[in-house]
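Just below is one structure, and these are the notes that go with it.
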Amino acid sequence: MSTPVRTRFAPSPTGYLHLGGLRTALYTYLYAKKHNGTFILRIEDTDQEREVPGAVELIYKSMRQAGLLYDEGPDVGGDYGPYIQTQRRDIYPKYAWELVERGGAYCCFCTKEDIERKRKEAEARGETYKYDKHCLHNVPLEEAKRRIAAGEPYVIRQNVPTTGKASFDDMLYGHVEVDCDTLDDNVLIKADGLPTYNFANVIDDHLMAITHVTRGTEYLSSAPKYNLLYEAFGWTPPVYMHLTPVMKDATRKLSKRYGDPSFEDLLAQGYLKEAIINFIALLGWAPKDTTEEFFSMDDLIRLFDADGLSKSPAIFNTEKLNWFNAEYVRRMSPEAYEAAARPWLAQVLDPERFDLSRLCELLQGRTEVFNQLPGMVDFLAKMPPLDTELFVHKKSKCTQEIAKEALAFVRPLLVAVPEWTESALHDAVMEAIPASGMKNSQVLWPLRIAITGRAATPGGAFEMAYLLGREETLARLDAAMAAL
RNA sequence: GCCUCCAUGGUCAAGCGGUUAAGACGUUGCCCUCUCAAGGCAAAAUCAUGGGUUCGAUUCCCAUUGGAGGUGCCA
């Protein structure tokens, strides 16, 4: 019996959940669930300056909306808490000092200014800056302890060997190895007493018994250094899986700065969470059997396999997301569709004034993203200015002259319709057309244009006439005839 | 600059020494059709470059080029 799988998603509360983060969270979740493991949410808020108020709550909310339910986390509890790093602040120094005693770390009294000066000097010489271990060599531990007791500010740095190699193994990238002399002595405990990511991630992953770490490739090149820490403690490192970033284009990451959407934004624009998840899952990952179907979360859990992950960054493609969304929209029940569409429709028309369920029926198969709805139906509420050029349509063999004739022909038929239903309208007009010498399209195209003012509408002339109602249809028809 | 990693159509990707190099989105054309959408049928489009290894490279190795990440008392 192998040890139970425990994975974690560990965002820092610096804002909304961006799509790269959502994907990382998704894969982390899928991996855990695939192996009947535990999925944990941990908040990494050790950088007090970058913390954004309310961001933690936003993360909880987004995770739930996405369906990424964590088994342990700040707001759900668990046996390995607390799950917020600032609430664990007393834990880290203890381990850091253990490392100091073992020689894997040391106290450093150099100020930020000292470091900055040395960095500039190194750069001026055209060299790569690296901390020179000044305090390791010049400040004996006993002196360090005295100075600390006296209240002098200090940090604790990792003591990276100057020779040899450091390495780790990644599920995707395999064995990654670097020369130790290219590594810097990173700060583990900051002057404010809080740990840096470099230290906290190791301590917490160990203490929380994390078996598999899924995170972005921004940590790929520092992972060997983290393994040095595991070795110094005598701990077994977790299995790593590093994920590529989600790109806006070939060279830029998706970023809020360029107005790229977050998960919340997409939801607000009228994307369905299932569509977003399905799309995101396939961005940088392909199932064994690569036929792309419509995957539910349960499907994804069943199919997920780290082998299918890509090693190169994937570009976020809105076209495909839109297609996925349209497919999911079509799969909604009529009731669910109407509930989702109603607020968008209400932006431009009074839902009580129209046969909403019929309108929704027409709209459902034509809805790509819900935010497109207002622009698709606004003409129902108010007739747009009629451009008589619209009557000219080559495929329908229609000209303005024919349109004029057609409208004159069709008006009495509409007036005579006993009951204003689609089928009655349809039958009345279609039965009369053959004798008129005009083609169906020569009558129906102008009629639809006359009452909608739009070249493209979510339905034909009869559907539009029905929705508008007798009075409005005839009024619009008269106005169009007068304009021709 | 240095370190690590990556490289199949416009995009997401399958492929893991011998294939007519899958599939999806998008694009184009045709069909259907009172418009649009949907649907059906076609089509165009890919192994970054140069060296090796091999009977044979998209596949293995090296270099170049391009790209990503790192190089913070940020994560």
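So you can find residues: chains in the structure tokens are A, B, ... in the order shown, residues in each start at 1, and ligands are numbered from 1 in order.
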
Near-region 5-19 of chain B list (7 Å; only C-alpha atoms (C1' of nucleotides); drop same-chain fewer than 6 positions) as JSON, numbers by chain
{"A": [283, 290, 311, 312, 317], "B": [45, 46, 47, 56, 57, 58, 59]}

Please identify every residue of chain B that has at least one atom no more than 10 Å from any atom of chain A, counting only C-alpha atoms (C1' of nucleotides), and report them as a PDB file with N, CA and C atoms (P, O5', C5', C4', C3', O3' and C1' of nucleotides), in the first residue's frame.
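Listed below is the output, iface13.pdb:
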ATOM      1  P     G B   1      22.919  37.722 -24.272  1.00  0.00           P
ATOM      2  O5'   G B   1      23.949  37.667 -23.032  1.00  0.00           O
ATOM      3  C5'   G B   1      25.318  37.957 -23.262  1.00  0.00           C
ATOM      4  C4'   G B   1      26.036  37.834 -21.937  1.00  0.00           C
ATOM      5  C3'   G B   1      25.883  36.479 -21.256  1.00  0.00           C
ATOM      6  O3'   G B   1      26.910  35.599 -21.685  1.00  0.00           O
ATOM      7  C1'   G B   1      25.342  38.188 -19.704  1.00  0.00           C
ATOM      8  P     C B   2      26.583  34.047 -21.954  1.00  0.00           P
ATOM      9  O5'   C B   2      26.254  33.500 -20.489  1.00  0.00           O
ATOM     10  C5'   C B   2      27.313  33.295 -19.561  1.00  0.00           C
ATOM     11  C4'   C B   2      26.731  32.918 -18.225  1.00  0.00           C
ATOM     12  C3'   C B   2      25.773  31.739 -18.256  1.00  0.00           C
ATOM     13  O3'   C B   2      26.466  30.504 -18.226  1.00  0.00           O
ATOM     14  C1'   C B   2      24.804  33.487 -17.012  1.00  0.00           C
ATOM     15  P     C B   3      25.816  29.238 -18.943  1.00  0.00           P
ATOM     16  O5'   C B   3      24.673  28.826 -17.906  1.00  0.00           O
ATOM     17  C5'   C B   3      25.018  28.337 -16.619  1.00  0.00           C
ATOM     18  C4'   C B   3      23.759  28.085 -15.828  1.00  0.00           C
ATOM     19  C3'   C B   3      22.729  27.203 -16.512  1.00  0.00           C
ATOM     20  O3'   C B   3      23.020  25.832 -16.361  1.00  0.00           O
ATOM     21  C1'   C B   3      21.658  29.115 -15.648  1.00  0.00           C
ATOM     22  P     U B   4      22.511  24.803 -17.492  1.00  0.00           P
ATOM     23  O5'   U B   4      20.951  24.728 -17.210  1.00  0.00           O
ATOM     24  C5'   U B   4      20.473  24.123 -16.017  1.00  0.00           C
ATOM     25  C4'   U B   4      18.971  24.232 -15.968  1.00  0.00           C
ATOM     26  C3'   U B   4      18.237  23.695 -17.192  1.00  0.00           C
ATOM     27  O3'   U B   4      18.093  22.291 -17.140  1.00  0.00           O
ATOM     28  C1'   U B   4      17.355  25.801 -16.636  1.00  0.00           C
ATOM     29  P     C B   5      18.002  21.493 -18.532  1.00  0.00           P
ATOM     30  O5'   C B   5      16.568  21.905 -19.089  1.00  0.00           O
ATOM     31  C5'   C B   5      15.396  21.503 -18.412  1.00  0.00           C
ATOM     32  C4'   C B   5      14.201  22.229 -18.965  1.00  0.00           C
ATOM     33  C3'   C B   5      13.897  21.987 -20.439  1.00  0.00           C
ATOM     34  O3'   C B   5      13.209  20.766 -20.634  1.00  0.00           O
ATOM     35  C1'   C B   5      13.706  24.286 -19.972  1.00  0.00           C
ATOM     36  P     C B   6      13.306  20.023 -22.050  1.00  0.00           P
ATOM     37  O5'   C B   6      12.381  20.938 -22.976  1.00  0.00           O
ATOM     38  C5'   C B   6      10.981  20.986 -22.750  1.00  0.00           C
ATOM     39  C4'   C B   6      10.363  22.015 -23.658  1.00  0.00           C
ATOM     40  C3'   C B   6      10.527  21.777 -25.145  1.00  0.00           C
ATOM     41  O3'   C B   6       9.550  20.878 -25.622  1.00  0.00           O
ATOM     42  C1'   C B   6      11.004  24.038 -24.664  1.00  0.00           C
ATOM     43  P     A B   7       9.859  20.100 -27.018  1.00  0.00           P
ATOM     44  O5'   A B   7       9.646  21.224 -28.121  1.00  0.00           O
ATOM     45  C5'   A B   7       8.347  21.889 -28.224  1.00  0.00           C
ATOM     46  C4'   A B   7       8.356  22.763 -29.451  1.00  0.00           C
ATOM     47  C3'   A B   7       8.636  21.966 -30.729  1.00  0.00           C
ATOM     48  O3'   A B   7       7.683  22.023 -31.768  1.00  0.00           O
ATOM     49  C1'   A B   7      10.326  23.652 -30.356  1.00  0.00           C
ATOM     50  P     U B  11       0.627  29.022 -34.629  1.00  0.00           P
ATOM     51  O5'   U B  11      -0.699  28.805 -33.767  1.00  0.00           O
ATOM     52  C5'   U B  11      -1.123  29.795 -32.847  1.00  0.00           C
ATOM     53  C4'   U B  11      -2.327  29.276 -32.089  1.00  0.00           C
ATOM     54  C3'   U B  11      -2.130  27.926 -31.417  1.00  0.00           C
ATOM     55  O3'   U B  11      -1.453  28.033 -30.184  1.00  0.00           O
ATOM     56  C1'   U B  11      -4.153  27.902 -32.599  1.00  0.00           C
ATOM     57  P     C B  12      -0.593  26.801 -29.679  1.00  0.00           P
ATOM     58  O5'   C B  12      -1.712  25.759 -29.232  1.00  0.00           O
ATOM     59  C5'   C B  12      -2.584  26.070 -28.157  1.00  0.00           C
ATOM     60  C4'   C B  12      -3.516  24.911 -27.920  1.00  0.00           C
ATOM     61  C3'   C B  12      -2.826  23.563 -27.778  1.00  0.00           C
ATOM     62  O3'   C B  12      -2.278  23.399 -26.490  1.00  0.00           O
ATOM     63  C1'   C B  12      -4.672  23.343 -29.219  1.00  0.00           C
ATOM     64  P     A B  13      -1.031  22.472 -26.305  1.00  0.00           P
ATOM     65  O5'   A B  13      -1.654  21.073 -26.726  1.00  0.00           O
ATOM     66  C5'   A B  13      -0.893  20.171 -27.477  1.00  0.00           C
ATOM     67  C4'   A B  13      -1.821  19.163 -28.078  1.00  0.00           C
ATOM     68  C3'   A B  13      -1.083  17.950 -28.618  1.00  0.00           C
ATOM     69  O3'   A B  13      -1.001  16.990 -27.584  1.00  0.00           O
ATOM     70  C1'   A B  13      -2.445  18.864 -30.316  1.00  0.00           C
ATOM     71  P     A B  14       0.238  16.043 -27.555  1.00  0.00           P
ATOM     72  O5'   A B  14      -0.202  14.878 -28.556  1.00  0.00           O
ATOM     73  C5'   A B  14      -1.342  14.086 -28.214  1.00  0.00           C
ATOM     74  C4'   A B  14      -1.601  13.080 -29.297  1.00  0.00           C
ATOM     75  C3'   A B  14      -0.432  12.178 -29.658  1.00  0.00           C
ATOM     76  O3'   A B  14      -0.324  11.114 -28.736  1.00  0.00           O
ATOM     77  C1'   A B  14      -1.546  12.908 -31.619  1.00  0.00           C
ATOM     78  P     A B  22      -2.332  12.505 -41.527  1.00  0.00           P
ATOM     79  O5'   A B  22      -2.824  12.696 -40.029  1.00  0.00           O
ATOM     80  C5'   A B  22      -4.170  12.940 -39.774  1.00  0.00           C
ATOM     81  C4'   A B  22      -4.711  11.906 -38.827  1.00  0.00           C
ATOM     82  C3'   A B  22      -5.955  12.373 -38.109  1.00  0.00           C
ATOM     83  O3'   A B  22      -7.104  12.144 -38.896  1.00  0.00           O
ATOM     84  C1'   A B  22      -4.397  11.605 -36.531  1.00  0.00           C
ATOM     85  P     G B  23      -7.894  13.396 -39.457  1.00  0.00           P
ATOM     86  O5'   G B  23      -8.559  13.922 -38.116  1.00  0.00           O
ATOM     87  C5'   G B  23      -9.324  13.017 -37.319  1.00  0.00           C
ATOM     88  C4'   G B  23      -9.477  13.583 -35.935  1.00  0.00           C
ATOM     89  C3'   G B  23      -9.942  15.027 -35.878  1.00  0.00           C
ATOM     90  O3'   G B  23     -11.342  15.144 -36.053  1.00  0.00           O
ATOM     91  C1'   G B  23      -8.136  14.741 -34.400  1.00  0.00           C
ATOM     92  P     A B  24     -11.918  16.485 -36.683  1.00  0.00           P
ATOM     93  O5'   A B  24     -11.775  17.494 -35.461  1.00  0.00           O
ATOM     94  C5'   A B  24     -12.483  17.254 -34.251  1.00  0.00           C
ATOM     95  C4'   A B  24     -12.164  18.338 -33.262  1.00  0.00           C
ATOM     96  C3'   A B  24     -12.338  19.757 -33.803  1.00  0.00           C
ATOM     97  O3'   A B  24     -13.680  20.181 -33.738  1.00  0.00           O
ATOM     98  C1'   A B  24     -10.249  19.582 -32.722  1.00  0.00           C
ATOM     99  P     C B  25     -14.169  21.281 -34.809  1.00  0.00           P
ATOM    100  O5'   C B  25     -13.476  22.615 -34.285  1.00  0.00           O
ATOM    101  C5'   C B  25     -13.863  23.180 -33.043  1.00  0.00           C
ATOM    102  C4'   C B  25     -13.042  24.417 -32.783  1.00  0.00           C
ATOM    103  C3'   C B  25     -13.083  25.466 -33.881  1.00  0.00           C
ATOM    104  O3'   C B  25     -14.243  26.281 -33.781  1.00  0.00           O
ATOM    105  C1'   C B  25     -10.847  25.119 -33.236  1.00  0.00           C
ATOM    106  P     G B  26     -14.944  26.812 -35.121  1.00  0.00           P
ATOM    107  O5'   G B  26     -13.787  27.677 -35.796  1.00  0.00           O
ATOM    108  C5'   G B  26     -13.400  28.916 -35.209  1.00  0.00           C
ATOM    109  C4'   G B  26     -12.192  29.461 -35.931  1.00  0.00           C
ATOM    110  C3'   G B  26     -12.358  29.672 -37.424  1.00  0.00           C
ATOM    111  O3'   G B  26     -13.014  30.896 -37.710  1.00  0.00           O
ATOM    112  C1'   G B  26     -10.311  28.589 -37.024  1.00  0.00           C
ATOM    113  P     U B  33     -33.572  23.441 -49.484  1.00  0.00           P
ATOM    114  O5'   U B  33     -33.715  24.745 -48.605  1.00  0.00           O
ATOM    115  C5'   U B  33     -34.320  24.682 -47.313  1.00  0.00           C
ATOM    116  C4'   U B  33     -33.963  25.908 -46.538  1.00  0.00           C
ATOM    117  C3'   U B  33     -34.315  27.228 -47.233  1.00  0.00           C
ATOM    118  O3'   U B  33     -35.661  27.590 -46.963  1.00  0.00           O
ATOM    119  C1'   U B  33     -32.069  27.297 -46.437  1.00  0.00           C
ATOM    120  P     C B  34     -36.426  28.575 -47.978  1.00  0.00           P
ATOM    121  O5'   C B  34     -35.767  29.985 -47.687  1.00  0.00           O
ATOM    122  C5'   C B  34     -35.907  31.039 -48.625  1.00  0.00           C
ATOM    123  C4'   C B  34     -35.790  32.345 -47.913  1.00  0.00           C
ATOM    124  C3'   C B  34     -34.808  32.335 -46.751  1.00  0.00           C
ATOM    125  O3'   C B  34     -33.510  32.609 -47.216  1.00  0.00           O
ATOM    126  C1'   C B  34     -36.852  33.371 -46.095  1.00  0.00           C
ATOM    127  P     U B  35     -32.271  31.962 -46.551  1.00  0.00           P
ATOM    128  O5'   U B  35     -31.640  33.160 -45.730  1.00  0.00           O
ATOM    129  C5'   U B  35     -31.221  34.356 -46.404  1.00  0.00           C
ATOM    130  C4'   U B  35     -30.752  35.339 -45.368  1.00  0.00           C
ATOM    131  C3'   U B  35     -29.715  34.792 -44.401  1.00  0.00           C
ATOM    132  O3'   U B  35     -28.415  34.857 -44.941  1.00  0.00           O
ATOM    133  C1'   U B  35     -31.393  35.933 -43.197  1.00  0.00           C
ATOM    134  P     C B  36     -27.358  33.686 -44.593  1.00  0.00           P
ATOM    135  O5'   C B  36     -27.143  33.870 -43.027  1.00  0.00           O
ATOM    136  C5'   C B  36     -26.510  35.042 -42.506  1.00  0.00           C
ATOM    137  C4'   C B  36     -26.601  35.011 -41.000  1.00  0.00           C
ATOM    138  C3'   C B  36     -26.055  33.755 -40.333  1.00  0.00           C
ATOM    139  O3'   C B  36     -24.647  33.806 -40.201  1.00  0.00           O
ATOM    140  C1'   C B  36     -28.148  34.292 -39.396  1.00  0.00           C
ATOM    141  P     A B  37     -23.814  32.443 -40.356  1.00  0.00           P
ATOM    142  O5'   A B  37     -24.326  31.560 -39.127  1.00  0.00           O
ATOM    143  C5'   A B  37     -23.968  31.922 -37.800  1.00  0.00           C
ATOM    144  C4'   A B  37     -24.750  31.084 -36.820  1.00  0.00           C
ATOM    145  C3'   A B  37     -24.533  29.577 -36.903  1.00  0.00           C
ATOM    146  O3'   A B  37     -23.351  29.180 -36.252  1.00  0.00           O
ATOM    147  C1'   A B  37     -26.839  30.029 -36.738  1.00  0.00           C
ATOM    148  P     A B  38     -22.531  27.930 -36.815  1.00  0.00           P
ATOM    149  O5'   A B  38     -23.499  26.699 -36.546  1.00  0.00           O
ATOM    150  C5'   A B  38     -23.834  26.313 -35.216  1.00  0.00           C
ATOM    151  C4'   A B  38     -24.933  25.284 -35.254  1.00  0.00           C
ATOM    152  C3'   A B  38     -24.608  24.038 -36.060  1.00  0.00           C
ATOM    153  O3'   A B  38     -23.874  23.102 -35.302  1.00  0.00           O
ATOM    154  C1'   A B  38     -26.727  24.845 -36.701  1.00  0.00           C
ATOM    155  P     G B  67      12.814  35.461 -29.941  1.00  0.00           P
ATOM    156  O5'   G B  67      11.971  34.510 -28.990  1.00  0.00           O
ATOM    157  C5'   G B  67      10.582  34.343 -29.214  1.00  0.00           C
ATOM    158  C4'   G B  67      10.046  33.242 -28.358  1.00  0.00           C
ATOM    159  C3'   G B  67      10.221  33.396 -26.852  1.00  0.00           C
ATOM    160  O3'   G B  67       9.299  34.298 -26.285  1.00  0.00           O
ATOM    161  C1'   G B  67      10.744  31.186 -27.469  1.00  0.00           C
ATOM    162  P     A B  68       9.688  35.041 -24.940  1.00  0.00           P
ATOM    163  O5'   A B  68       9.420  33.908 -23.864  1.00  0.00           O
ATOM    164  C5'   A B  68       8.110  33.361 -23.706  1.00  0.00           C
ATOM    165  C4'   A B  68       8.153  32.228 -22.717  1.00  0.00           C
ATOM    166  C3'   A B  68       8.735  32.579 -21.363  1.00  0.00           C
ATOM    167  O3'   A B  68       7.760  33.175 -20.524  1.00  0.00           O
ATOM    168  C1'   A B  68       9.726  30.591 -22.133  1.00  0.00           C
ATOM    169  P     G B  69       8.257  34.294 -19.501  1.00  0.00           P
ATOM    170  O5'   G B  69       9.016  33.425 -18.400  1.00  0.00           O
ATOM    171  C5'   G B  69       8.275  32.541 -17.580  1.00  0.00           C
ATOM    172  C4'   G B  69       9.214  31.672 -16.797  1.00  0.00           C
ATOM    173  C3'   G B  69      10.206  32.388 -15.899  1.00  0.00           C
ATOM    174  O3'   G B  69       9.619  32.807 -14.683  1.00  0.00           O
ATOM    175  C1'   G B  69      11.317  30.704 -17.078  1.00  0.00           C
ATOM    176  P     G B  70      10.240  34.089 -13.953  1.00  0.00           P
ATOM    177  O5'   G B  70      11.624  33.539 -13.398  1.00  0.00           O
ATOM    178  C5'   G B  70      11.632  32.500 -12.430  1.00  0.00           C
ATOM    179  C4'   G B  70      13.046  32.035 -12.213  1.00  0.00           C
ATOM    180  C3'   G B  70      14.010  33.095 -11.718  1.00  0.00           C
ATOM    181  O3'   G B  70      13.911  33.277 -10.320  1.00  0.00           O
ATOM    182  C1'   G B  70      15.010  31.866 -13.458  1.00  0.00           C
ATOM    183  P     U B  71      14.157  34.737  -9.724  1.00  0.00           P
ATOM    184  O5'   U B  71      15.712  34.989  -9.971  1.00  0.00           O
ATOM    185  C5'   U B  71      16.678  34.180  -9.289  1.00  0.00           C
ATOM    186  C4'   U B  71      18.028  34.474  -9.851  1.00  0.00           C
ATOM    187  C3'   U B  71      18.442  35.942  -9.819  1.00  0.00           C
ATOM    188  O3'   U B  71      18.958  36.278  -8.533  1.00  0.00           O
ATOM    189  C1'   U B  71      18.936  35.023 -11.933  1.00  0.00           C
ATOM    190  P     G B  72      18.751  37.723  -7.998  1.00  0.00           P
ATOM    191  O5'   G B  72      17.379  37.541  -7.214  1.00  0.00           O
ATOM    192  C5'   G B  72      17.041  37.196  -6.037  1.00  0.00           C
ATOM    193  C4'   G B  72      16.580  38.370  -5.146  1.00  0.00           C
ATOM    194  C3'   G B  72      15.684  37.823  -4.062  1.00  0.00           C
ATOM    195  O3'   G B  72      16.071  38.077  -2.740  1.00  0.00           O
ATOM    196  C1'   G B  72      14.532  39.438  -5.475  1.00  0.00           C
ATOM    197  P     C B  73      16.726  39.288  -2.211  1.00  0.00           P
ATOM    198  O5'   C B  73      15.728  39.339  -0.981  1.00  0.00           O
ATOM    199  C5'   C B  73      15.308  38.195  -0.376  1.00  0.00           C
ATOM    200  C4'   C B  73      14.193  38.566   0.569  1.00  0.00           C
ATOM    201  C3'   C B  73      13.385  39.771   0.087  1.00  0.00           C
ATOM    202  O3'   C B  73      12.027  39.469   0.353  1.00  0.00           O
ATOM    203  C1'   C B  73      14.448  40.224   2.187  1.00  0.00           C
ATOM    204  P     C B  74      10.773  40.153  -0.018  1.00  0.00           P
ATOM    205  O5'   C B  74      10.221  39.083  -1.060  1.00  0.00           O
ATOM    206  C5'   C B  74      10.342  39.237  -2.404  1.00  0.00           C
ATOM    207  C4'   C B  74       8.963  39.014  -2.966  1.00  0.00           C
ATOM    208  C3'   C B  74       8.441  37.595  -2.806  1.00  0.00           C
ATOM    209  O3'   C B  74       7.886  37.418  -1.506  1.00  0.00           O
ATOM    210  C1'   C B  74       8.075  38.373  -5.018  1.00  0.00           C
ATOM    211  P     A B  75       7.499  36.042  -0.954  1.00  0.00           P
ATOM    212  O5'   A B  75       6.172  35.856  -1.819  1.00  0.00           O
ATOM    213  C5'   A B  75       5.395  34.714  -1.712  1.00  0.00           C
ATOM    214  C4'   A B  75       4.733  34.465  -3.044  1.00  0.00           C
ATOM    215  C3'   A B  75       4.757  32.979  -3.416  1.00  0.00           C
ATOM    216  O3'   A B  75       3.643  32.309  -2.857  1.00  0.00           O
ATOM    217  C1'   A B  75       5.649  34.226  -5.218  1.00  0.00           C
TER     218        A B  75
END

Would you please give, as a ChimeraX atom specification, all residues of region 201-423 of chain A that DSSP assigns to helix (DSSP H, G or I) based on the backbone?
/A:201-207,217-219,223-233,256-258,263-269,273-281,297-303,306-308,318-330,334-346,351-353,356-364,370-381,388-391,400-416,422-423

Contacts of Phe233 (chain A) at 10 Å or less, counting only C-alpha atoms (C1' of nucleotides), minus same-chain residues fewer than 3 places along, as a PyMOL selection string?
chain A and resi 95+98-99+102+104+203+227-230+236

Check the DSSP output for the backbone and give back, as a PyMOL selection string, the residues of region 173-280 of chain A in strand (DSSP E or B).
chain A and resi 174-179+187-189+195+212-216+239-243+246-247+253

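One finds CA of Tyr240 (chain A) at 6.0 Å from CA of Met171 (chain A).
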
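Taking C1' of C32 (chain B) and CA of Lys394 (chain A) as endpoints, the distance between them is 17.8 Å.
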
For Pro351 (chain A), find every residue with an atom within 12 Å (counting only C-alpha atoms (C1' of nucleotides)), except residues of its own chain fewer than 5 positions away, and show them as an NGL selection string.
:A and (338-339 or 341-346 or 356-360 or 377-378 or 380-381 or 467)

Near-region 48-53 of chain B list (8 Å; only C-alpha atoms (C1' of nucleotides); drop same-chain fewer than 6 positions) as a ChimeraX atom specification
/B:7,60-66

Applying 9 Å and only C-alpha atoms (C1' of nucleotides), which residues near region 55-69 of chain A remain after dropping the ones on its own chain fewer than 5 positions away? List them as number ranges by chain.
A: 11-17, 22, 25-26, 29-30, 39-41, 43, 75, 263-264, 273-274, 276-277, 297

Requested write-out: N, CA and C atoms of the selected residues, as a short mmCIF file (atom, residue, chain, number, x, y, z; two decimals), in the first residue's frame:
data_model
loop_
_atom_site.label_atom_id
_atom_site.label_comp_id
_atom_site.auth_asym_id
_atom_site.auth_seq_id
_atom_site.Cartn_x
_atom_site.Cartn_y
_atom_site.Cartn_z
N PRO A 11 -1.89 29.41 -3.97
CA PRO A 11 -1.81 30.75 -4.57
C PRO A 11 -1.44 31.80 -3.53
N SER A 12 -0.90 32.90 -4.03
CA SER A 12 -0.73 34.03 -3.12
C SER A 12 -1.86 35.01 -3.41
N PRO A 13 -2.36 35.61 -2.37
CA PRO A 13 -3.56 36.45 -2.50
C PRO A 13 -3.24 37.82 -3.06
N THR A 14 -2.83 37.85 -4.32
CA THR A 14 -2.45 39.13 -4.92
C THR A 14 -3.51 39.61 -5.91
N GLY A 15 -4.63 38.91 -5.98
CA GLY A 15 -5.68 39.36 -6.88
C GLY A 15 -6.61 38.23 -7.27
N TYR A 16 -7.25 38.42 -8.39
CA TYR A 16 -8.19 37.44 -8.92
C TYR A 16 -7.46 36.15 -9.29
N LEU A 17 -8.23 35.10 -9.50
CA LEU A 17 -7.66 33.84 -9.96
C LEU A 17 -7.51 33.91 -11.47
N LEU A 22 -5.89 28.92 -12.58
CA LEU A 22 -7.04 28.02 -12.62
C LEU A 22 -6.62 26.67 -13.20
N ALA A 25 -4.53 24.80 -10.72
CA ALA A 25 -5.42 24.27 -9.68
C ALA A 25 -6.19 23.06 -10.20
N LEU A 26 -6.66 23.16 -11.42
CA LEU A 26 -7.43 22.07 -12.03
C LEU A 26 -6.60 20.79 -12.12
N TYR A 29 -5.94 19.35 -8.73
CA TYR A 29 -7.17 18.72 -8.23
C TYR A 29 -7.39 17.36 -8.91
N LEU A 30 -7.28 17.37 -10.25
CA LEU A 30 -7.52 16.14 -11.01
C LEU A 30 -6.55 15.04 -10.59
N PHE A 39 -6.96 16.90 -1.79
CA PHE A 39 -6.60 18.15 -2.44
C PHE A 39 -6.69 19.27 -1.42
N ILE A 40 -5.60 20.03 -1.32
CA ILE A 40 -5.49 21.03 -0.26
C ILE A 40 -5.31 22.43 -0.83
N LEU A 41 -5.94 23.40 -0.20
CA LEU A 41 -5.71 24.80 -0.57
C LEU A 41 -4.88 25.45 0.52
N ILE A 43 -2.83 29.12 1.45
CA ILE A 43 -2.65 30.52 1.05
C ILE A 43 -1.23 30.97 1.41
N ASP A 75 -10.69 27.78 4.97
CA ASP A 75 -12.10 27.92 5.32
C ASP A 75 -12.84 26.60 5.45
N PHE A 263 -10.79 34.22 -14.59
CA PHE A 263 -11.90 33.27 -14.55
C PHE A 263 -13.22 34.00 -14.25
N GLU A 264 -13.16 34.89 -13.26
CA GLU A 264 -14.34 35.68 -12.90
C GLU A 264 -14.84 36.51 -14.08
N LYS A 273 -19.14 27.83 -16.83
CA LYS A 273 -17.95 27.31 -16.14
C LYS A 273 -17.52 25.96 -16.69
N GLU A 274 -18.47 25.15 -17.10
CA GLU A 274 -18.13 23.84 -17.66
C GLU A 274 -17.31 23.99 -18.94
N ILE A 276 -15.45 26.61 -19.74
CA ILE A 276 -14.13 27.14 -19.40
C ILE A 276 -13.23 26.02 -18.91
N ILE A 277 -13.76 25.20 -18.02
CA ILE A 277 -12.97 24.10 -17.47
C ILE A 277 -12.55 23.13 -18.57
N MET A 297 -16.28 17.22 -15.13
CA MET A 297 -15.20 17.10 -14.16
C MET A 297 -14.91 15.63 -13.86
#

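Reported to one decimal place, the separation of CA of Ser436 (chain A) from CA of Leu413 (chain A) is 12.2 Å.
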
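Using only C-alpha atoms (C1' of nucleotides), the residues found no farther than 12 Å from A44 (chain B), other than those of its own chain fewer than 3 positions away, are G9, U27, U28 and G29 of chain B.
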